[in-house]
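run21.tsv follows; it contains TSV, C-alpha atoms.
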```tsv
chain	number	residue	atom	x	y	z
A	1	MET	CA	1.99	-76.23	-2.08
A	2	LYS	CA	2.06	-72.98	-4.05
A	3	LYS	CA	0.89	-74.87	-7.12
A	4	HIS	CA	-2.12	-76.24	-5.21
A	5	LEU	CA	-3.04	-72.80	-3.88
A	6	PHE	CA	-2.77	-71.31	-7.37
A	7	LEU	CA	-5.00	-74.08	-8.75
A	8	LEU	CA	-7.59	-73.54	-5.99
A	9	ALA	CA	-7.63	-69.79	-6.59
A	10	THR	CA	-8.05	-70.35	-10.33
A	11	ILE	CA	-10.99	-72.73	-9.76
A	12	LEU	CA	-12.69	-70.25	-7.41
A	13	LEU	CA	-12.18	-67.46	-9.92
A	14	ILE	CA	-13.72	-69.55	-12.72
A	15	ILE	CA	-16.69	-70.46	-10.52
A	16	SER	CA	-17.30	-66.83	-9.55
A	17	CYS	CA	-17.02	-65.68	-13.17
A	18	ASN	CA	-19.43	-68.37	-14.36
A	19	LYS	CA	-22.02	-67.55	-11.71
A	20	THR	CA	-25.00	-66.09	-13.51
A	21	SER	CA	-27.02	-63.41	-11.81
A	22	ARG	CA	-30.73	-64.15	-11.55
A	23	VAL	CA	-31.49	-60.43	-11.96
A	24	LEU	CA	-32.61	-59.96	-15.56
A	25	ILE	CA	-32.03	-56.21	-15.90
A	26	ASP	CA	-28.93	-54.03	-15.73
A	27	VAL	CA	-27.91	-53.19	-12.15
A	28	ARG	CA	-25.61	-50.27	-11.36
A	29	GLU	CA	-23.70	-50.24	-8.07
A	30	VAL	CA	-23.89	-46.90	-6.26
A	31	ASP	CA	-22.88	-45.57	-2.85
A	32	PHE	CA	-25.52	-43.55	-1.01
A	33	LYS	CA	-25.26	-44.89	2.55
A	34	ASN	CA	-24.29	-42.65	5.48
A	35	LYS	CA	-23.65	-39.61	3.28
A	36	SER	CA	-25.89	-37.17	5.20
A	37	ASP	CA	-24.52	-34.15	6.96
A	38	ALA	CA	-27.10	-31.45	7.68
A	39	ILE	CA	-30.17	-32.02	9.88
A	40	ILE	CA	-33.42	-30.46	8.64
A	41	LYS	CA	-35.72	-29.52	11.50
A	42	GLY	CA	-39.45	-30.10	11.13
A	43	THR	CA	-42.15	-27.63	12.15
A	44	PRO	CA	-45.69	-28.69	13.14
A	45	VAL	CA	-48.19	-27.14	10.73
A	46	ASP	CA	-50.90	-25.22	12.55
A	47	ALA	CA	-54.35	-26.31	11.30
A	48	LYS	CA	-57.44	-28.12	12.51
A	49	TRP	CA	-56.59	-31.59	11.21
A	50	PRO	CA	-59.03	-34.50	10.97
A	51	LEU	CA	-58.52	-37.62	13.04
A	52	ASP	CA	-56.58	-40.66	11.81
A	53	ILE	CA	-54.54	-39.02	9.03
A	54	GLN	CA	-53.47	-41.74	6.59
A	55	SER	CA	-51.94	-40.08	3.52
A	56	LEU	CA	-51.43	-36.67	1.96
A	57	ALA	CA	-50.55	-35.02	-1.35
A	58	VAL	CA	-49.77	-31.54	-2.60
A	59	CYS	CA	-51.90	-30.59	-5.61
A	60	ASP	CA	-51.57	-27.16	-7.19
A	61	SER	CA	-51.97	-24.78	-4.26
A	62	PHE	CA	-53.82	-27.29	-2.08
A	63	LEU	CA	-52.83	-29.84	0.51
A	64	LEU	CA	-55.01	-32.96	0.32
A	65	ILE	CA	-55.42	-35.07	3.45
A	66	TRP	CA	-56.90	-38.59	3.39
A	67	CYS	CA	-58.12	-39.78	6.79
A	68	GLY	CA	-59.97	-42.63	8.47
A	69	GLN	CA	-63.16	-40.72	9.24
A	70	GLN	CA	-66.24	-42.11	7.49
A	71	ASP	CA	-68.26	-38.89	7.35
A	72	HIS	CA	-65.58	-37.21	5.21
A	73	MET	CA	-62.40	-39.05	4.21
A	74	MET	CA	-60.75	-36.27	2.16
A	75	TYR	CA	-59.97	-32.82	3.55
A	76	VAL	CA	-58.65	-30.06	1.29
A	77	TYR	CA	-56.62	-27.14	2.67
A	78	SER	CA	-55.35	-23.97	0.98
A	79	ASP	CA	-51.68	-23.01	1.02
A	80	GLN	CA	-52.58	-20.91	4.09
A	81	MET	CA	-53.92	-24.10	5.72
A	82	GLU	CA	-57.53	-22.94	5.61
A	83	LEU	CA	-60.03	-25.81	5.22
A	84	LYS	CA	-61.62	-25.44	1.78
A	85	GLY	CA	-63.72	-28.60	1.57
A	86	ARG	CA	-64.53	-32.05	2.97
A	87	PHE	CA	-65.34	-34.87	0.57
A	88	CYS	CA	-65.77	-38.62	0.10
A	89	THR	CA	-68.14	-40.34	2.50
A	90	ILE	CA	-69.12	-43.94	3.11
A	91	GLY	CA	-72.67	-44.61	1.89
A	92	ARG	CA	-74.91	-45.83	-0.94
A	93	ALA	CA	-75.60	-42.54	-2.72
A	94	ARG	CA	-74.32	-41.95	-6.25
A	95	TYR	CA	-71.13	-40.13	-5.24
A	96	GLU	CA	-70.53	-42.10	-2.04
A	97	PHE	CA	-68.46	-45.25	-1.45
A	98	LEU	CA	-69.74	-48.64	-0.34
A	99	SER	CA	-66.44	-49.34	1.41
A	100	ARG	CA	-63.25	-47.48	2.11
A	101	PRO	CA	-61.40	-46.74	-1.15
A	102	ARG	CA	-57.66	-46.75	-1.60
A	103	TRP	CA	-55.85	-43.72	-2.94
A	104	TYR	CA	-52.85	-45.58	-4.22
A	105	SER	CA	-49.55	-43.67	-3.99
A	106	SER	CA	-51.63	-40.49	-3.72
A	107	GLN	CA	-51.51	-40.30	-7.53
A	108	ILE	CA	-53.20	-37.35	-9.19
A	109	LEU	CA	-54.18	-37.39	-12.87
A	110	ARG	CA	-55.04	-34.48	-15.18
A	111	SER	CA	-58.03	-34.02	-17.45
A	112	PRO	CA	-57.53	-32.51	-20.94
A	113	GLN	CA	-58.63	-29.21	-19.40
A	114	GLY	CA	-55.97	-29.51	-16.66
A	115	ASP	CA	-58.34	-30.36	-13.80
A	116	ALA	CA	-56.90	-32.51	-11.01
A	117	LEU	CA	-58.44	-36.00	-11.04
A	118	ILE	CA	-58.04	-38.30	-8.02
A	119	PRO	CA	-58.42	-42.05	-8.70
A	120	LEU	CA	-59.92	-43.94	-5.75
A	121	VAL	CA	-60.07	-47.74	-5.95
A	122	ILE	CA	-62.60	-49.76	-3.97
A	123	ILE	CA	-61.03	-53.19	-3.60
A	124	ARG	CA	-63.00	-55.88	-5.51
A	125	GLU	CA	-65.57	-53.29	-6.63
A	126	GLY	CA	-63.97	-50.82	-9.02
A	127	LEU	CA	-62.61	-47.33	-9.42
A	128	LYS	CA	-64.14	-43.86	-9.06
A	129	VAL	CA	-62.32	-40.71	-10.20
A	130	MET	CA	-62.98	-37.52	-8.23
A	131	ASP	CA	-62.66	-34.11	-9.93
A	132	LEU	CA	-61.03	-31.85	-7.34
A	133	GLN	CA	-61.91	-28.48	-8.91
A	134	LYS	CA	-65.56	-29.37	-9.55
A	135	SER	CA	-65.86	-30.79	-6.02
A	136	LEU	CA	-64.50	-27.58	-4.51
A	137	GLU	CA	-66.86	-25.49	-6.63
A	138	SER	CA	-69.94	-27.50	-5.65
A	139	GLN	CA	-68.74	-28.31	-2.12
A	140	GLY	CA	-69.71	-31.92	-2.76
A	141	THR	CA	-67.88	-34.95	-4.11
A	142	VAL	CA	-68.02	-34.97	-7.93
A	143	ILE	CA	-67.15	-38.27	-9.62
A	144	THR	CA	-66.35	-37.76	-13.31
A	145	MET	CA	-65.21	-41.27	-14.34
A	146	GLN	CA	-65.80	-44.82	-13.17
A	147	SER	CA	-64.16	-48.09	-14.11
A	148	GLU	CA	-64.48	-51.74	-13.17
A	149	PHE	CA	-60.74	-51.92	-12.56
A	150	LYS	CA	-60.10	-53.70	-9.26
A	151	GLY	CA	-56.99	-53.59	-7.14
A	152	VAL	CA	-57.05	-57.37	-6.54
A	153	ASN	CA	-56.49	-60.37	-8.83
A	154	VAL	CA	-58.58	-63.47	-8.09
A	155	LEU	CA	-56.33	-66.51	-8.46
A	156	GLU	CA	-58.09	-69.83	-9.05
A	157	TYR	CA	-55.84	-72.86	-8.67
A	158	GLU	CA	-55.86	-76.55	-7.89
A	159	GLU	CA	-53.32	-78.01	-5.46
A	160	ASP	CA	-53.09	-81.68	-4.49
A	161	GLY	CA	-56.51	-82.30	-6.02
A	162	HIS	CA	-58.21	-79.47	-4.10
A	163	LYS	CA	-59.46	-76.34	-5.83
A	164	GLY	CA	-58.77	-73.02	-4.20
A	165	VAL	CA	-59.14	-69.29	-4.67
A	166	GLY	CA	-56.50	-66.79	-3.64
A	167	TYR	CA	-56.21	-63.04	-3.87
A	168	SER	CA	-53.12	-61.27	-5.15
A	169	ALA	CA	-52.89	-57.54	-4.58
A	170	ILE	CA	-52.03	-55.51	-7.67
A	171	TYR	CA	-49.86	-52.48	-7.08
A	172	TYR	CA	-50.34	-50.05	-9.93
A	173	LEU	CA	-50.06	-46.56	-11.35
A	174	PHE	CA	-51.97	-44.94	-14.20
A	175	LEU	CA	-50.02	-43.88	-17.30
A	176	ASP	CA	-50.67	-40.92	-19.61
A	177	ASN	CA	-53.46	-39.70	-17.28
A	178	ASP	CA	-55.58	-42.58	-18.59
A	179	ILE	CA	-57.44	-44.87	-16.17
A	180	ASN	CA	-57.36	-47.63	-18.79
A	181	HIS	CA	-53.58	-47.46	-19.26
A	182	ILE	CA	-51.99	-49.02	-16.19
A	183	PHE	CA	-48.56	-50.06	-14.95
A	184	GLU	CA	-48.92	-53.06	-12.61
A	185	ARG	CA	-46.62	-54.71	-10.10
A	186	ASN	CA	-47.51	-58.37	-9.57
A	187	ASN	CA	-46.59	-60.40	-6.50
A	188	HIS	CA	-48.04	-63.82	-7.35
A	189	VAL	CA	-48.67	-65.94	-10.43
A	190	ILE	CA	-50.41	-69.26	-11.16
A	191	LEU	CA	-48.08	-71.92	-12.58
A	192	ASP	CA	-49.04	-75.59	-12.90
A	193	ASN	CA	-52.27	-74.82	-11.00
A	194	ARG	CA	-50.33	-73.62	-7.98
A	195	VAL	CA	-49.76	-70.15	-6.54
A	196	HIS	CA	-46.12	-69.08	-6.88
A	197	PRO	CA	-44.32	-65.95	-5.67
A	198	ASP	CA	-43.50	-63.50	-8.44
A	199	LEU	CA	-42.06	-60.09	-9.09
A	200	SER	CA	-43.06	-59.01	-12.56
A	201	PHE	CA	-44.47	-55.87	-14.10
A	202	ASP	CA	-47.04	-55.32	-16.84
A	203	ILE	CA	-48.36	-52.46	-18.87
A	204	MET	CA	-52.09	-53.01	-19.34
A	205	ASP	CA	-54.46	-51.24	-21.71
A	206	ASP	CA	-58.20	-51.94	-21.41
A	207	THR	CA	-57.37	-55.17	-19.49
A	208	ALA	CA	-55.07	-56.43	-22.31
A	209	ARG	CA	-51.38	-56.86	-21.57
A	210	ILE	CA	-49.28	-54.83	-24.00
A	211	LYS	CA	-45.87	-55.27	-22.34
A	212	HIS	CA	-44.39	-57.58	-19.70
A	213	PHE	CA	-41.22	-57.17	-17.61
A	214	ASN	CA	-39.58	-59.99	-15.65
A	215	PHE	CA	-37.20	-58.90	-12.93
A	216	LEU	CA	-35.78	-62.24	-11.69
A	217	SER	CA	-35.11	-65.50	-13.51
A	218	LYS	CA	-36.33	-67.51	-10.51
A	219	ILE	CA	-38.01	-66.71	-7.21
A	220	GLU	CA	-38.06	-68.69	-3.97
A	221	TRP	CA	-40.76	-68.44	-1.30
A	222	ASN	CA	-38.22	-66.91	1.08
A	223	ASP	CA	-37.74	-64.04	-1.40
A	224	GLN	CA	-41.27	-62.71	-0.97
A	225	GLU	CA	-40.58	-60.46	1.99
A	226	TYR	CA	-37.44	-59.05	0.36
A	227	LEU	CA	-39.38	-58.22	-2.79
A	228	ARG	CA	-41.79	-55.87	-1.04
A	229	GLY	CA	-41.68	-52.31	-2.28
A	230	ARG	CA	-43.47	-49.14	-3.35
A	231	LEU	CA	-44.29	-47.67	-6.74
A	232	PHE	CA	-44.25	-43.99	-7.60
A	233	LYS	CA	-44.16	-42.01	-10.82
A	234	HIS	CA	-42.61	-38.91	-12.33
A	235	PRO	CA	-45.20	-36.08	-12.09
A	236	ASP	CA	-45.52	-35.74	-15.89
A	237	ARG	CA	-43.50	-38.40	-17.70
A	238	ASN	CA	-43.96	-42.17	-17.83
A	239	ILE	CA	-41.04	-42.97	-15.55
A	240	ILE	CA	-41.96	-45.49	-12.84
A	241	VAL	CA	-39.78	-46.14	-9.80
A	242	ASN	CA	-40.04	-49.16	-7.49
A	243	SER	CA	-38.09	-48.89	-4.23
A	244	PHE	CA	-37.49	-51.94	-2.03
A	245	THR	CA	-38.58	-51.94	1.60
A	246	TYR	CA	-36.04	-54.44	2.96
A	247	MET	CA	-33.11	-54.15	0.52
A	248	ASP	CA	-30.99	-51.39	-0.98
A	249	TYR	CA	-32.46	-51.66	-4.49
A	250	ILE	CA	-34.37	-49.12	-6.58
A	251	LEU	CA	-35.84	-50.17	-9.96
A	252	PHE	CA	-36.44	-47.73	-12.82
A	253	PHE	CA	-38.85	-48.15	-15.74
A	254	ASP	CA	-38.38	-45.31	-18.24
A	255	LEU	CA	-41.28	-46.39	-20.44
A	256	ASP	CA	-41.06	-43.55	-22.95
A	257	ASN	CA	-37.43	-44.42	-23.74
A	258	ASP	CA	-37.74	-48.19	-23.26
A	259	ARG	CA	-35.11	-48.31	-20.48
A	260	THR	CA	-35.31	-50.66	-17.50
A	261	PHE	CA	-32.52	-50.76	-14.91
A	262	ALA	CA	-31.79	-50.82	-11.18
A	263	ILE	CA	-29.38	-49.25	-8.73
A	264	HIS	CA	-28.02	-51.11	-5.71
A	265	GLN	CA	-25.96	-49.96	-2.73
A	266	SER	CA	-22.48	-51.37	-3.28
A	267	GLY	CA	-21.55	-53.95	-0.65
A	268	SER	CA	-25.09	-54.45	0.68
A	269	LEU	CA	-27.17	-57.63	0.57
A	270	SER	CA	-27.82	-58.67	-3.02
A	271	LEU	CA	-30.58	-60.71	-4.61
A	272	ASP	CA	-27.85	-63.08	-5.77
A	273	ASP	CA	-26.81	-63.76	-2.17
A	274	ASP	CA	-28.14	-66.59	-0.01
A	275	LEU	CA	-30.95	-64.55	1.58
A	276	PRO	CA	-31.55	-65.21	5.29
A	277	ILE	CA	-35.02	-65.43	6.82
A	278	ILE	CA	-36.17	-61.83	6.96
A	279	ASN	CA	-38.01	-61.93	10.30
A	280	ASP	CA	-36.55	-62.95	13.65
A	281	PHE	CA	-38.81	-64.75	16.11
A	282	ILE	CA	-38.53	-64.11	19.84
A	283	THR	CA	-39.28	-67.33	21.74
A	284	ASP	CA	-39.57	-68.42	25.36
A	285	ALA	CA	-37.60	-71.26	26.98
A	286	ASN	CA	-39.99	-73.83	25.49
A	287	GLY	CA	-39.61	-72.50	21.95
A	288	HIS	CA	-43.03	-70.83	21.81
A	289	ILE	CA	-43.11	-67.70	19.66
A	290	LEU	CA	-43.66	-64.60	21.79
A	291	ALA	CA	-43.23	-61.93	19.14
A	292	GLU	CA	-42.08	-61.41	15.59
A	293	GLN	CA	-39.34	-58.86	15.13
A	294	GLU	CA	-39.27	-57.42	11.63
A	295	SER	CA	-36.12	-56.74	9.71
A	296	THR	CA	-34.80	-53.23	9.22
A	297	VAL	CA	-36.77	-51.02	6.85
A	298	HIS	CA	-34.58	-49.54	4.12
A	299	PHE	CA	-36.55	-47.33	1.70
A	300	SER	CA	-39.98	-46.15	2.85
A	301	ASN	CA	-41.90	-43.13	1.52
A	302	ALA	CA	-41.20	-41.01	-1.56
A	303	ALA	CA	-41.97	-37.52	-2.82
A	304	TYR	CA	-41.00	-36.08	-6.17
A	305	ALA	CA	-40.39	-33.05	-8.36
A	306	GLU	CA	-39.75	-32.52	-12.05
A	307	SER	CA	-35.97	-33.03	-11.84
A	308	PHE	CA	-35.54	-35.33	-8.83
A	309	PHE	CA	-37.24	-37.48	-6.24
A	310	MET	CA	-36.56	-37.94	-2.54
A	311	ILE	CA	-37.12	-41.00	-0.41
A	312	THR	CA	-36.95	-41.67	3.34
A	313	TYR	CA	-34.26	-44.17	4.35
A	314	TYR	CA	-33.98	-45.99	7.69
A	315	ALA	CA	-31.06	-48.41	7.16
A	316	GLY	CA	-28.25	-45.91	7.77
A	317	ASP	CA	-26.36	-45.31	11.00
A	318	TYR	CA	-28.42	-42.20	11.78
A	319	SER	CA	-31.69	-44.13	12.09
A	320	LEU	CA	-30.27	-47.45	13.33
A	321	ASN	CA	-28.52	-45.76	16.26
A	322	ALA	CA	-31.67	-43.97	17.43
A	323	PRO	CA	-32.81	-44.82	21.00
A	324	ASN	CA	-36.17	-46.14	19.75
A	325	PRO	CA	-36.10	-47.74	16.25
A	326	ASP	CA	-39.91	-47.53	15.99
A	327	THR	CA	-39.83	-43.73	16.16
A	328	ALA	CA	-36.43	-43.15	14.56
A	329	ALA	CA	-36.09	-40.18	12.25
A	330	PRO	CA	-35.01	-41.06	8.70
A	331	GLU	CA	-32.47	-39.76	6.27
A	332	LEU	CA	-33.88	-38.15	3.13
A	333	LEU	CA	-32.08	-39.34	-0.01
A	334	PHE	CA	-32.25	-37.39	-3.29
A	335	PHE	CA	-31.90	-39.07	-6.72
A	336	ASP	CA	-32.48	-37.84	-10.24
A	337	TRP	CA	-34.77	-39.81	-12.57
A	338	ASP	CA	-31.74	-41.43	-14.23
A	339	GLY	CA	-30.87	-43.14	-10.94
A	340	ASN	CA	-27.98	-40.88	-9.97
A	341	PHE	CA	-27.56	-40.25	-6.24
A	342	ILE	CA	-27.42	-36.51	-5.61
A	343	LYS	CA	-27.46	-35.77	-1.90
A	344	SER	CA	-28.89	-36.81	1.45
A	345	VAL	CA	-29.88	-35.00	4.63
A	346	LYS	CA	-31.23	-36.04	8.02
A	347	LEU	CA	-34.77	-35.26	9.16
A	348	ASP	CA	-35.25	-34.67	12.88
A	349	THR	CA	-38.71	-36.26	13.04
A	350	HIS	CA	-40.17	-39.65	12.19
A	351	VAL	CA	-42.72	-39.25	9.37
A	352	ALA	CA	-45.05	-41.93	7.99
A	353	ASP	CA	-45.79	-40.33	4.61
A	354	ILE	CA	-44.39	-37.41	2.62
A	355	SER	CA	-45.36	-35.06	-0.20
A	356	TYR	CA	-43.45	-32.16	-1.75
A	357	ASP	CA	-44.61	-28.65	-2.69
A	358	GLU	CA	-42.20	-27.82	-5.52
A	359	GLY	CA	-43.31	-24.18	-5.70
A	360	LYS	CA	-42.65	-23.48	-2.02
A	361	GLN	CA	-39.85	-26.07	-1.69
A	362	ILE	CA	-41.54	-27.51	1.39
A	363	LEU	CA	-41.78	-31.18	2.29
A	364	TYR	CA	-44.84	-32.30	4.27
A	365	GLY	CA	-44.94	-35.45	6.37
A	366	ILE	CA	-47.43	-37.19	8.65
A	367	ASP	CA	-46.73	-37.56	12.35
A	368	ARG	CA	-49.24	-40.36	12.96
A	369	GLU	CA	-48.46	-40.68	16.64
A	370	ASN	CA	-49.79	-37.15	17.23
A	371	ASP	CA	-52.20	-36.98	14.23
A	372	ARG	CA	-50.59	-33.89	12.76
A	373	ILE	CA	-48.60	-32.65	9.77
A	374	ILE	CA	-44.92	-31.66	9.93
A	375	SER	CA	-43.28	-29.37	7.36
A	376	PHE	CA	-39.60	-29.24	6.37
A	377	ASP	CA	-38.12	-26.26	4.54
A	378	LEU	CA	-35.93	-27.72	1.78
A	379	SER	CA	-35.09	-24.46	0.00
A	380	ASP	CA	-31.39	-24.54	0.95
A	381	VAL	CA	-31.12	-28.22	0.04
A	382	VAL	CA	-32.84	-27.76	-3.34
A	383	THR	CA	-30.65	-24.76	-4.16
A	384	ASP	CA	-27.64	-26.95	-3.49
A	385	ILE	CA	-28.78	-29.99	-5.50
A	386	THR	CA	-29.76	-27.97	-8.57
A	387	LYS	CA	-26.01	-27.33	-8.98
A	388	TYR	CA	-25.60	-31.06	-9.54
A	389	PRO	CA	-24.09	-31.36	-13.05
A	390	THR	CA	-26.13	-34.34	-14.33
A	391	ILE	CA	-29.52	-33.29	-13.00
A	392	MET	CA	-32.26	-33.82	-15.56
A	393	PRO	CA	-33.76	-30.66	-17.14
```
As structure tokens - that is how I would like this structure written.
Amino acid sequence: MKKHLFLLATILLIISCNKTSRVLIDVREVDFKNKSDAIIKGTPVDAKWPLDIQSLAVCDSFLLIWCGQQDHMMYVYSDQMELKGRFCTIGRARYEFLSRPRWYSSQILRSPQGDALIPLVIIREGLKVMDLQKSLESQGTVITMQSEFKGVNVLEYEEDGHKGVGYSAIYYLFLDNDINHIFERNNHVILDNRVHPDLSFDIMDDTARIKHFNFLSKIEWNDQEYLRGRLFKHPDRNIIVNSFTYMDYILFFDLDNDRTFAIHQSGSLSLDDDLPIINDFITDANGHILAEQESTVHFSNAAYAESFFMITYYAGDYSLNAPNPDTAAPELLFFDWDGNFIKSVKLDTHVADISYDEGKQILYGIDRENDRIISFDLSDVVTDITKYPTIMP
């Protein structure tokens, strides 16, 4: 009997050792879950905010608000929260927009003179770059650059003898402050004239691919929801981070040093596991779908500084045990740009988007339910994490 058990254990060990991971980059196991202690209280920022606030970004001494109003979609406030300008309108004039543009990841570029440049992409039309300083000086939207770059790929394919056209959203960031030098995240690809799920990354220059990264050796249709995520970038260097929405993975692309790797919460669901269906369906007695209940959000919104970035996290006990998961407050996790976990704290308010003022050490977030901005004083937290021995200079 003991001989049989030993043989079975040996076989299982060989099978587990021979199992090849489908993840094609180095993955480091880390432990960042349920490490928060202090609660950081948010304070509503007193200002006359526009309606339907959608995203925000700190730029120099200004707070930029992007909203859903068509008369002016961008509002610019001073560090004293005085309104300094309203820009970007829907219309057919030279510096207006035919349809609502997308300010992806609230990225801000810099001109050779140091002016803040805001890239705004009109899906299927192209890109316009707004010069913030010149717009404030003239009190009108000033577009300094335009490009035909579109945020959507048109996929032409033929399936079962029928031709079709699909659209695959490109998630991207601009490198080296150059609108023609782009890092792209691709979700779909055409293979054998069929649309297939994909998670690959490209560096593009003037529409030509100059580098390609594959993340997984194979992808199933059921993987698509798990592969959702957000891109953000180091404020100055070409370090791109891709956090996952429904799994405890964060990918790192250190392009200047040719390093690509990932970190993964030890013990959590892995891409090498048999992934369950991500959404649960609530049905009646007859099996009719009444509602679709989404899986737990893990990483959500990110803000960043020179030495570290922070990201809201909803898959820990603090958020999961909240009375109402839809309005649960997140934890705020801090990592350096080498993927080392530094610290985490708890926020007391649910926020839909965040941006960090490194000079004032204040985090801003959007309270969409009340159409207002919440601020969090992180000075004590930042003082603590700068003592971290491996923090990047």
*Take CA of Thr386 (chain A) and CA of Gly267 (chain A) and report the distance between them in Å, one decimal.*
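Separation of CA of Thr386 (chain A) and CA of Gly267 (chain A): 28.4 Å.
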Using only C-alpha atoms, find each residue in region 117-179 of chain A having at least one atom no more than 10 Å away from region 223-231 of chain A; report its shortest atom-to-atom pair and that distance in Å (one decimal), rows by chain then rising number, as JSON lines.
```
{"residue": "A:Tyr171", "atom": "CA", "partner": "A:Leu231", "partner_atom": "CA", "distance": 7.4}
{"residue": "A:Tyr172", "atom": "CA", "partner": "A:Leu231", "partner_atom": "CA", "distance": 7.2}
{"residue": "A:Leu173", "atom": "CA", "partner": "A:Leu231", "partner_atom": "CA", "distance": 7.5}
```
*Please work out which residues fall within 10 Å of (-54.9, -43.5, -19.2), coordinates as given in the file, with all atoms listed in the file counting, and return them as a ChimeraX atom specification.*
/A:109-110,173-182,204-206
*asked:* With all atoms listed in the file as the counted atoms, please give the residues lying no more than 7 Å from Lys343 (chain A), apart from itself and same-chain residues fewer than 4 positions off, as an MDAnalysis selection string.
replied: chainID A and resid 333:334 385
How would the residues just chosen look if you wrote them out with C-alpha atoms as a PDB file, keeping the file's coordinate frame?
```
ATOM      1  CA  LEU A 333     -32.080 -39.340  -0.010  1.00  0.00           C
ATOM      2  CA  PHE A 334     -32.250 -37.390  -3.290  1.00  0.00           C
ATOM      3  CA  ILE A 385     -28.780 -29.990  -5.500  1.00  0.00           C
TER       4      ILE A 385
END
```
*Please measure the separation of CA of Asn214 (chain A) and CA of Asp236 (chain A), giving the value in Å to one decimal.*
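Result for CA of Asn214 (chain A) versus CA of Asp236 (chain A): 25.0 Å, one decimal.
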*Scan for residues within 7 Å of the point (-60.8, -43.1, -14.6) in the coordinates of the file, using only C-alpha atoms, and reply as a list in words.*
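Residues satisfying the cut-off, written out: Pro119, Leu127, Lys128, Val129, Met145, Gln146, Ser147, Asp178 and Ile179 of chain A.
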Counting only C-alpha atoms, what is within 12 Å of Gln139 (chain A), bar same-chain residues fewer than 4 positions away, as a short mmCIF file (atom, residue, chain, number, x, y, z; two decimals) with C-alpha atoms, in the coordinates of the input?
```cif
data_model
loop_
_atom_site.label_atom_id
_atom_site.label_comp_id
_atom_site.auth_asym_id
_atom_site.auth_seq_id
_atom_site.Cartn_x
_atom_site.Cartn_y
_atom_site.Cartn_z
CA HIS A 72 -65.58 -37.21 5.21
CA TYR A 75 -59.97 -32.82 3.55
CA VAL A 76 -58.65 -30.06 1.29
CA LEU A 83 -60.03 -25.81 5.22
CA LYS A 84 -61.62 -25.44 1.78
CA GLY A 85 -63.72 -28.60 1.57
CA ARG A 86 -64.53 -32.05 2.97
CA PHE A 87 -65.34 -34.87 0.57
CA CYS A 88 -65.77 -38.62 0.10
CA ASP A 131 -62.66 -34.11 -9.93
CA LEU A 132 -61.03 -31.85 -7.34
CA GLN A 133 -61.91 -28.48 -8.91
CA LYS A 134 -65.56 -29.37 -9.55
CA SER A 135 -65.86 -30.79 -6.02
#
```
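Minimum atom-to-atom distances from A:Ser36, A:Arg124, A:Thr20, A:Ile108 to Leu332 (chain A) were compared using all atoms listed in the file, and the lowest value belongs to A:Ser36.
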*What is the distance, in Å and to one decimal place, between CA of Phe213 (chain A) and CA of Asn187 (chain A)?*
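CA of Phe213 (chain A) sits 12.8 Å away from CA of Asn187 (chain A).
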